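As structure tokens, the structure follows; a few thoughts come after it.
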Amino acid sequence: MTQSQRSMGRQTMLIRKAPDLTYADVTPKSVYLDRRNFLRAMGIVSAAAFAGKGLFDLALPPQTVLAATKLTGLAKSSFSTTEKQNTYQDVTHYNNFYEFGTDKSDPAKNSQNFRTAPWTVSVEGEVKKPRKFTTDEIFKIAPLEERIYRHRCVEAWSIVVPWIGFSFSNLVKLVEPTPNAKFVAFESYFDPRQMPEAKYAGIDFPYVEGLRMNEAMNPLALLCVGMYGGTLPPQDGAPVRITLPWKYGFKSAKSLVKIKFQEKMPPTTWNRLASNEYGFYANVNPTVDHPRWSQAKERRLGEFFKRPTLMFNGYGDQVAAMYNGMDLKKNF
Amino acid sequence: MRALLISKWTKAAVFLLCLIPFCDLVWRALKSNLGANPVEYLQHATGDWTLRFLVFTLCITPFRKLFKLPDLIRFRRMLGLFAFFYVSLHFLTYLGPDQSFDFSGMLKDVAKRPFITVGFLGFVLLIPLAITSTAGWIRRLGGKRWQMLHRAIYVTAVCGVIHYYWLVKSNVRKPLFYGALVGILLLWRLGDWFFKRGSAVAAKLSTQRAPVNPIR
């Protein structure tokens, strides 16, 4: 496009008739996506003028959760379980997201002002077509599906969540990995100013997780952009995360900013901290205990007694073949 | 101050204060307000309160001496028994929801997992202390022996801190905080013991020296 064409373009924009304008055209997108915070900020400003900020803060409920944008036209998935889903309240107030604090209730409290727009995910490394995706572009890679997965934490608790997304393989095909691509590394966003609690977490940031190529291509591996019919709230990994239901929860990295294809196995966060406790594969396996606690059973949130943990978290039919011939006691 | 410390009303008030964490848990349980993982909430709360009451109990002796408040002794047994009360609840939340009241399965878990082993040891050591906490038992055992036995609380406190430290995944701030408190309280006792021994030796020396210069 030449300079004159570009200014022409701008002119056509200017003479466009008013009814063609949408709210998105007149509202900066960052403000639009951040409208709850914007409204709350406005509220705080005016309340401070009248009653003082301290009083207003007292009136605010201690744990607010940003309402998600509703997602429609979701396809159903044959991978979904029919088990009873956990409540949205539980799944948004019991989180491991160490960037926002290490207590389960911390992320809900500390992540509500997390800026998730604008956002880009850089896909790079051993690929023919490296590129950056905006959140909008990711939403358009493939039709969105609802997938109701079991999610098993390495700490021996579990939940059932209706995630929204599509198989990660859809993105992989777009960037065309080279034959050298043997592993994928997932990197989470990190900003110490937005995540002041992170300095006490005891693990290194940014958070990095990884998969072997065939694991990444397994249709169960979900590039996840939502849950419970809406976009992801910050504490569950907004705006985009990976969800790997046959592995312990810590493999499913949240708030992704980088996806790197590479020849070598990436060093991953928990594995680097304690390789005897957290393996690279971290497949759910009731026969291999964590050195400090048993993995044979788990507590499904909402249940009193523990229930037996299933091999590969019950997804053996889809994933077991990938590990044929591997000693899973050694490659835990 | 002394009148306040020896008043039976103060003792009743402290007793009620010590019950507040328990009442809070019961209230939350009745209101279904224990968060997404109620069992874990109860486990962590009762564990935390056990460590706190162990620290309170260990504070009594240093505070009596440092602040010259010997009457604080009136609260030591009660605080120790509350530590035992909360650790018993803590143990029950493990034996029940975690181990489904399967005693043999629990013992296997105790043998297998160091953090459970050390926590269980701390709990078991408190049982004889709770039983022998009465005036009758002090008489039966004799003051010296009773005091020796009750030094087991030092081991329990250390076990509790290690139990907590080995439980957490990476953020060790809280276990280290309790570790520092217990460490200071035990070190103070060590210092006090050295100091006393030093003055006892000095006293002995001066009595030995006394006959040498009888006329002076």
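Ordering of the structure tokens sets the chain letters (A, B, ...), residue numbers begin anew at 1 in every chain, and ligands are numbered from 1 in the order given.
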
**Request:** Taking only C-alpha atoms into account, report as a ChimeraX atom specification which residues of chain B lie within 12 Å of chain A.
**Result:** /B:32-42,44,93-102,105-106,108-118,163-174

**Which of segment 117-298 of chain A fall in strand (DSSP E), as a PyMOL selection string** = chain A and resi 120-125+131-134+145-152+157-167+183-188+208-212+222-227+230-231+241-243+256-262+297-298

**Asked** To one decimal place, how far is atom CA of Asn276 of chain A from atom CA of Gly316 of chain A in Å?
**Response**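 That distance, rounded to one decimal, is 24.1 Å.
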
**Asked** Residues at most 9 Å from Gly73 of chain A, counting only C-alpha atoms, excluding those fewer than 4 positions away in the same chain, as a PyMOL selection string?
**Response** chain A and resi 143-145

Could you turn the residues from that selection into a file that holds N, CA and C atoms, as an mmCIF file, in the first residue's frame?
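And here is the file that came out, result39.cif:
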```
data_model
loop_
_atom_site.group_PDB
_atom_site.id
_atom_site.type_symbol
_atom_site.label_atom_id
_atom_site.label_comp_id
_atom_site.auth_asym_id
_atom_site.auth_seq_id
_atom_site.Cartn_x
_atom_site.Cartn_y
_atom_site.Cartn_z
ATOM 1 N N PRO A 143 -12.850 -24.046 15.203
ATOM 2 C CA PRO A 143 -14.128 -23.902 15.919
ATOM 3 C C PRO A 143 -13.964 -24.267 17.393
ATOM 4 N N LEU A 144 -14.590 -23.476 18.244
ATOM 5 C CA LEU A 144 -14.464 -23.720 19.676
ATOM 6 C C LEU A 144 -15.346 -24.898 20.107
ATOM 7 N N GLU A 145 -14.778 -25.732 20.964
ATOM 8 C CA GLU A 145 -15.521 -26.873 21.511
ATOM 9 C C GLU A 145 -15.587 -26.740 23.022
#
```

**Asked** atom CA of Phe332 of chain A to atom CA of Asn283 of chain A: how many Å, to one decimal?
**Response**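 Separating atom CA of Phe332 of chain A from atom CA of Asn283 of chain A is a distance of 6.6 Å.
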
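For the set B:Phe22, B:Phe15, B:Phe195, B:Phe177, the residue with the smallest atom-to-atom gap to Arg74 of chain B is B:Phe15, counting only C-alpha atoms.
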
**Item:** Neighbour list for Tyr189 of chain A as a PyMOL selection string, cut-off 7 Å, only C-alpha atoms, skip fewer than 5 positions in-chain
**Value:** chain A and resi 206+255-257

**Request:** Find the residues around Phe53 of chain B up to 12 Å (only C-alpha atoms counted), leave out those fewer than 3 positions away in its own chain, and share them as a PyMOL selection string.
**Result:** chain B and resi 17-19+21+46-50+56-60+75-87+153+156-157+160+178+181-182

**Request:** Tell me which protein, DNA and RNA residues are within 10 Å of Gly237 of chain A, counting only C-alpha atoms, leaving out same-chain ones fewer than 2 positions away, and put them as a ChimeraX atom specification.
**Result:** /A:95,97,111,116,188-189,224-226,231-235,239-242,252-256
